[in-house]
Amino acid sequence: MMSTDRPMTSTSRAIRRGFHYVRYAALAVSLGAPVGLAAQTRELPADQQIIHALNRLSFGPRPGDVQEVRAIGLDKWIERQLHPNKIDDSGLEAFLARYSAINRSHDDLLRQYAEELRERRQMRRDTPDAMSGADSVAMRRQRQQRYNLTRQVVTQLQSSRVARAVASERQLQEVMTDFWHNHFSIYAQKGQAQPYYLNDFDRNVIRPRALGKFRDLLGAVAESPAMLWYLDNARSVADSGQPTLSGPNARRAAAAPRGGAAAMRRAARRAQQQQQQQPVQRQRRGLNENYGRELLELHTLGVDGGYTQQDVINVARAFTGWTIQTPQQGGGFVFRPQVHDAGEKIVLGHKLRAGRGKEDADEVLDILARSPVTARYIATKIARRLVSDTPPKQLVDRAAQVFLRTDGDIREVVRTIVTSPEFFSQQAFRSKVKSPFEVVVSAMRALNAEPDSTPRTAQMIAYLGQPIFGHQAPNGWPETGESWMNTGAILNRINFGMAAASGRLPGINVRRLPALDSVRAASRDKQVDVVVANLLNGMVSPDTRAVLVSGEHPMLASAAKAGVPDVAAASEVVAARAAEAEMTAASEEMRSTANPRRPNQNAGGRRAALQGRPVGNLPQLTGLPQIVGLALGSPEFQRR
């Protein structure tokens, strides 16, 4: 579909063809069709194989990457990426050392959070009338400082995610880390402690296991405070009618199935009477099915995984007692037997005998991790991410078989997929639409940008519709192209391209690109040739080339007719609306802090959604920067 074309000489013809660009972009997502029977050899030419691998197994090529992979050999480069611990990443580690908040120990951060809770309780005891004006000002200042630390943790965590994707030499690990963060999606605004838990989740749970064994990853996620808190399992305890592992009830729980339901109820009542005075009993709320349901539906078997509502209930029962220590104790995972449902359970046809503790949930995780249904579900999702929106059945079958044969070895599943004929097929080439995260990161890599330690780049990703750790539902961001491509999204991506080319993002300077130095005084056609060669790998449609040569984009013209005269004004309009909504969210958050018993449930969501403000007023671009900006907004660059 994409081919080179000789330069256009007629501006009117360029504009006319440019209008077809809109139709081309809007329909581009239809390219991700299923691949048919795979050939036994790779269909793509050698250089296209390299470009394809760099777009799928990394966040896009940097200047010189194609030549480097060609010199190493593509298969050796892939094998190297499959073993990230053997790749020197000291340059990135030195950059990450500048993050002051997220580099603090988890215990240190939780201790500070515990101090915040203590002070908040003290504030509730102190009535405003009892404080002087100076005391009130000091209290507000302390509250703002605490809020600033929490916000610093969130922004640094988001910024570091982008920086790693931009600058890490371990690109496949970063791609798979992003994949698993989306698979085990967690919302950052679920409670004020969640940012602290998320820092540990990213650093110690997801990243080191991104290419390891799926069972290890699944277990680490299940025990992570971030997931326990997000899906409410930290508050899930045995219903009052069920036996627990407490005092004499432990023995009765084991014998309960033989004694019948009456014996179980008597044992439960005695246990409840004995534990009435314990603090944990005052917090009992009963069984919570949230994590059990999402574990089956989203994390392992999939929505059509063959489980029943009774399976959901019994999985939730198996995970009772899996909770979190208090922040003062370190905020880590802890199993509390006194609130665990110790009755018999049947999960997916497997009987979990009564009288057991933590091993109930451990066995559930074993059952799920070894299920052929899980193998196919995970293989499908990885193939969807790396190959096409509708991955070929033959490839998924082979990847699922590898998953089962290797006891869920993610590295081997990925190797099977990325060395397959289907991966290197013509139909897979440039068939995936980039997510906003991929658009921004790939642009920074293409422009040889330095990683950004400020929140700015992460805010731009949010502006394009994908705030990092900002998806409220546990199903994660879409992995298919149609969810990202509509008229508004395309216009925003064009605006982003112009912003990046104008130098409004930290670390980007178009004038530093060596490939452009020799054509600053060249003709427009020659400049377009060089930009196409370096940013679009030499492959461009006639419609896109017409836009680059003319410098006139039909969607920007349409925006002007709609009352937004240019890219600069569009940015100002959206920025003003975002600022107004941000102030509203901040006011609601302050009211929530002032009255903790009535928290505002929507302020956090608005703040997450509005985090990404546009870059403000942009200059009118001409020459090479304009060509670069339009190229970054082109359909070719929006695909990988």
# chains A, B, ... in the order shown; residues from 1 in each chain; ligands from 1
>>> residues_around(residues="range 469-473 of chain A", least_positions_apart="5", cutoff="9 Å", atoms="only C-alpha atoms", output="CSV table (one decimal) with C-alpha atoms, in the first residue's frame")
chain,number,residue,atom,x,y,z
A,154,VAL,CA,3.1,9.9,40.7
A,158,GLN,CA,5.1,8.4,35.0
A,181,HIS,CA,1.4,-3.1,33.0
A,182,ASN,CA,-1.6,-2.9,30.7
A,185,SER,CA,-3.8,-2.6,34.8
A,186,ILE,CA,-3.9,-0.5,38.0
A,187,TYR,CA,-5.4,3.0,38.5
A,188,ALA,CA,-3.1,5.4,40.3
A,189,GLN,CA,-5.9,7.4,41.9
A,190,LYS,CA,-7.4,4.5,43.9
A,198,LEU,CA,2.6,1.4,42.4
A,462,ALA,CA,-2.1,12.0,28.5
A,605,GLY,CA,-10.4,10.7,37.7
A,608,ALA,CA,-5.8,11.9,35.8
A,609,ALA,CA,-7.7,12.5,32.6
>>> residues_around(residues="Gln192 in chain A", least_positions_apart="3", cutoff="10 Å", atoms="only C-alpha atoms", output="list in words")
Tyr113, Leu117, Tyr147, Thr150, Arg151, Ala188, Gln189, Pro195, Tyr196, Tyr197 and Gly604 of chain A
>>> write_last_selection(atoms="N, CA and C atoms", output="PDB file, in the first residue's frame")
ATOM      1  N   TYR A 113       4.064   8.139  54.476  1.00  0.00           N
ATOM      2  CA  TYR A 113       2.617   8.092  54.313  1.00  0.00           C
ATOM      3  C   TYR A 113       1.928   7.828  55.651  1.00  0.00           C
ATOM      4  N   LEU A 117      -0.953   9.989  57.669  1.00  0.00           N
ATOM      5  CA  LEU A 117      -2.203   9.511  58.251  1.00  0.00           C
ATOM      6  C   LEU A 117      -2.329   9.930  59.713  1.00  0.00           C
ATOM      7  N   TYR A 147       0.959  16.653  50.061  1.00  0.00           N
ATOM      8  CA  TYR A 147       0.354  16.441  48.748  1.00  0.00           C
ATOM      9  C   TYR A 147       1.419  16.510  47.654  1.00  0.00           C
ATOM     10  N   THR A 150       3.245  13.176  47.385  1.00  0.00           N
ATOM     11  CA  THR A 150       2.445  12.170  46.688  1.00  0.00           C
ATOM     12  C   THR A 150       2.412  12.452  45.190  1.00  0.00           C
ATOM     13  N   ARG A 151       2.214  13.704  44.857  1.00  0.00           N
ATOM     14  CA  ARG A 151       2.181  14.067  43.436  1.00  0.00           C
ATOM     15  C   ARG A 151       3.540  13.840  42.789  1.00  0.00           C
ATOM     16  N   ALA A 188      -3.913   4.714  39.302  1.00  0.00           N
ATOM     17  CA  ALA A 188      -3.071   5.384  40.299  1.00  0.00           C
ATOM     18  C   ALA A 188      -3.866   6.137  41.345  1.00  0.00           C
ATOM     19  N   GLN A 189      -5.106   6.530  41.032  1.00  0.00           N
ATOM     20  CA  GLN A 189      -5.865   7.377  41.941  1.00  0.00           C
ATOM     21  C   GLN A 189      -6.779   6.584  42.871  1.00  0.00           C
ATOM     22  N   PRO A 195      -0.161   5.463  44.911  1.00  0.00           N
ATOM     23  CA  PRO A 195       1.093   5.805  44.212  1.00  0.00           C
ATOM     24  C   PRO A 195       2.319   5.144  44.834  1.00  0.00           C
ATOM     25  N   TYR A 196       2.342   5.027  46.150  1.00  0.00           N
ATOM     26  CA  TYR A 196       3.475   4.396  46.815  1.00  0.00           C
ATOM     27  C   TYR A 196       3.517   2.903  46.501  1.00  0.00           C
ATOM     28  N   TYR A 197       2.358   2.271  46.495  1.00  0.00           N
ATOM     29  CA  TYR A 197       2.305   0.859  46.128  1.00  0.00           C
ATOM     30  C   TYR A 197       2.696   0.657  44.663  1.00  0.00           C
ATOM     31  N   GLY A 604     -10.180  12.688  41.437  1.00  0.00           N
ATOM     32  CA  GLY A 604      -8.971  12.000  40.998  1.00  0.00           C
ATOM     33  C   GLY A 604      -9.052  11.593  39.540  1.00  0.00           C
TER      34      GLY A 604
END
>>> closest_residue(among="A:Pro208, A:Pro554, A:Gly331, A:Pro337", to="Glu359 in chain A", atoms="only C-alpha atoms")
A:Pro337
>>> closest_residue(among="A:Asn233, A:Met539, A:Ala163, A:Gly332", to="Ser453 in chain A", atoms="only C-alpha atoms")
A:Ala163
>>> closest_residue(among="A:Ile508, A:Ala193, A:Ala238, A:Val303", to="Val315 in chain A", atoms="only C-alpha atoms")
A:Ala238
>>> closest_residue(among="A:Gly349, A:Pro635, A:Gly321, A:Gly465", to="Gly306 in chain A", atoms="only C-alpha atoms")
A:Gly349
>>> closest_residue(among="A:His106, A:Arg376, A:Arg639, A:Arg385", to="Asp304 in chain A", atoms="only C-alpha atoms")
A:Arg376
>>> closest_residue(among="A:Ala522, A:Leu301, A:Val418, A:Leu109", to="Tyr377 in chain A", atoms="only C-alpha atoms")
A:Leu301
>>> residues_around(residues="Phe95 in chain A", least_positions_apart="6", cutoff="12 Å", atoms="only C-alpha atoms", output="list in words")
Asp89, Asn103, Ser159, Ser160, Ala163, Arg164, Val166, Ala167, Ser168, Glu450, Pro451, Asp452 and Ser453 of chain A
>>> select_by_dssp(residues="range 356-406 of chain A", states="alpha helix (DSSP H)", output="VMD selection string")
chain A and resid 359 to 369 372 to 386 393 to 405
>>> write_last_selection(atoms="C-alpha atoms", output="short mmCIF file (atom, residue, chain, number, x, y, z; two decimals), in the first residue's frame")
data_model
loop_
_atom_site.label_atom_id
_atom_site.label_comp_id
_atom_site.auth_asym_id
_atom_site.auth_seq_id
_atom_site.Cartn_x
_atom_site.Cartn_y
_atom_site.Cartn_z
CA GLU A 359 -2.18 -22.60 50.07
CA ASP A 360 -5.83 -22.35 48.92
CA ALA A 361 -5.05 -19.31 46.76
CA ASP A 362 -1.61 -20.63 45.79
CA GLU A 363 -3.27 -23.73 44.36
CA VAL A 364 -5.79 -21.57 42.49
CA LEU A 365 -2.90 -19.68 40.90
CA ASP A 366 -1.26 -23.00 39.95
CA ILE A 367 -4.49 -24.24 38.36
CA LEU A 368 -4.95 -21.05 36.36
CA ALA A 369 -1.32 -20.67 35.26
CA PRO A 372 -4.70 -24.54 28.36
CA VAL A 373 -7.34 -21.79 28.33
CA THR A 374 -4.92 -19.39 30.03
CA ALA A 375 -2.15 -20.45 27.64
CA ARG A 376 -4.28 -19.55 24.64
CA TYR A 377 -5.53 -16.30 26.17
CA ILE A 378 -2.02 -15.07 27.00
CA ALA A 379 -0.61 -16.24 23.66
CA THR A 380 -3.40 -14.40 21.83
CA LYS A 381 -2.77 -11.16 23.73
CA ILE A 382 1.00 -11.24 23.17
CA ALA A 383 0.51 -12.04 19.47
CA ARG A 384 -2.01 -9.22 19.21
CA ARG A 385 0.52 -6.81 20.66
CA LEU A 386 3.46 -7.98 18.54
CA LYS A 393 -4.82 -18.87 14.58
CA GLN A 394 -1.86 -21.08 13.58
CA LEU A 395 0.56 -18.75 15.33
CA VAL A 396 -1.57 -18.53 18.48
CA ASP A 397 -1.86 -22.33 18.56
CA ARG A 398 1.92 -22.75 18.38
CA ALA A 399 2.57 -20.06 20.99
CA ALA A 400 -0.01 -21.60 23.35
CA GLN A 401 1.63 -25.01 22.97
CA VAL A 402 5.00 -23.48 23.84
CA PHE A 403 3.41 -21.81 26.89
CA LEU A 404 2.18 -25.19 28.15
CA ARG A 405 5.34 -27.11 27.24
#
>>> residues_around(residues="Asp200 in chain A", least_positions_apart="5", cutoff="12 Å", atoms="only C-alpha atoms", output="list in words")
Ile102, Asn103, Arg104, Ser105, His106, Asp107, Asp108, Leu109, Leu110, Val153, Leu157, Ala193, Gln194, Pro195, Val205, Ile206, Arg207, Pro208, Ala220, Val221, Glu223, Ser224, Pro225, Ala226, Met227, Gly330, Gly331, Gly332 and Phe333 of chain A
>>> atom_distance(atom1="CA of Ala533 in chain A", atom2="CA of Ala515 in chain A")
9.5 Å
>>> residues_around(residues="range 51-63 of chain A", least_positions_apart="3", cutoff="7 Å", atoms="only C-alpha atoms", output="list of chain:residue names")
A:Asp47, A:Gln48, A:Val66, A:Ala165, A:Gln171, A:Leu172, A:Val175, A:Leu386, A:Phe429, A:Glu438, A:Val441, A:Ser442, A:Arg445, A:Ala446, A:Asn448, A:Arg640
>>> write_last_selection(atoms="C-alpha atoms", output="PDB file, in the first residue's frame")
ATOM      1  CA  ASP A  47      15.780  -4.309   5.511  1.00  0.00           C
ATOM      2  CA  GLN A  48      12.024  -4.353   6.031  1.00  0.00           C
ATOM      3  CA  VAL A  66      18.823   0.025  11.325  1.00  0.00           C
ATOM      4  CA  ALA A 165      11.008   3.471  26.907  1.00  0.00           C
ATOM      5  CA  GLN A 171      13.921  -2.326  24.460  1.00  0.00           C
ATOM      6  CA  LEU A 172      12.086  -5.644  24.333  1.00  0.00           C
ATOM      7  CA  VAL A 175       7.861  -3.320  25.435  1.00  0.00           C
ATOM      8  CA  LEU A 386       3.457  -7.985  18.543  1.00  0.00           C
ATOM      9  CA  PHE A 429       4.120  -5.141   8.303  1.00  0.00           C
ATOM     10  CA  GLU A 438       4.004   4.612  21.420  1.00  0.00           C
ATOM     11  CA  VAL A 441       8.071   7.654  22.603  1.00  0.00           C
ATOM     12  CA  SER A 442       8.738   6.626  18.991  1.00  0.00           C
ATOM     13  CA  ARG A 445      13.513   8.081  19.549  1.00  0.00           C
ATOM     14  CA  ALA A 446      13.222   9.009  15.860  1.00  0.00           C
ATOM     15  CA  ASN A 448      17.229  11.231  18.817  1.00  0.00           C
ATOM     16  CA  ARG A 640       4.218   0.336  13.474  1.00  0.00           C
TER      17      ARG A 640
END
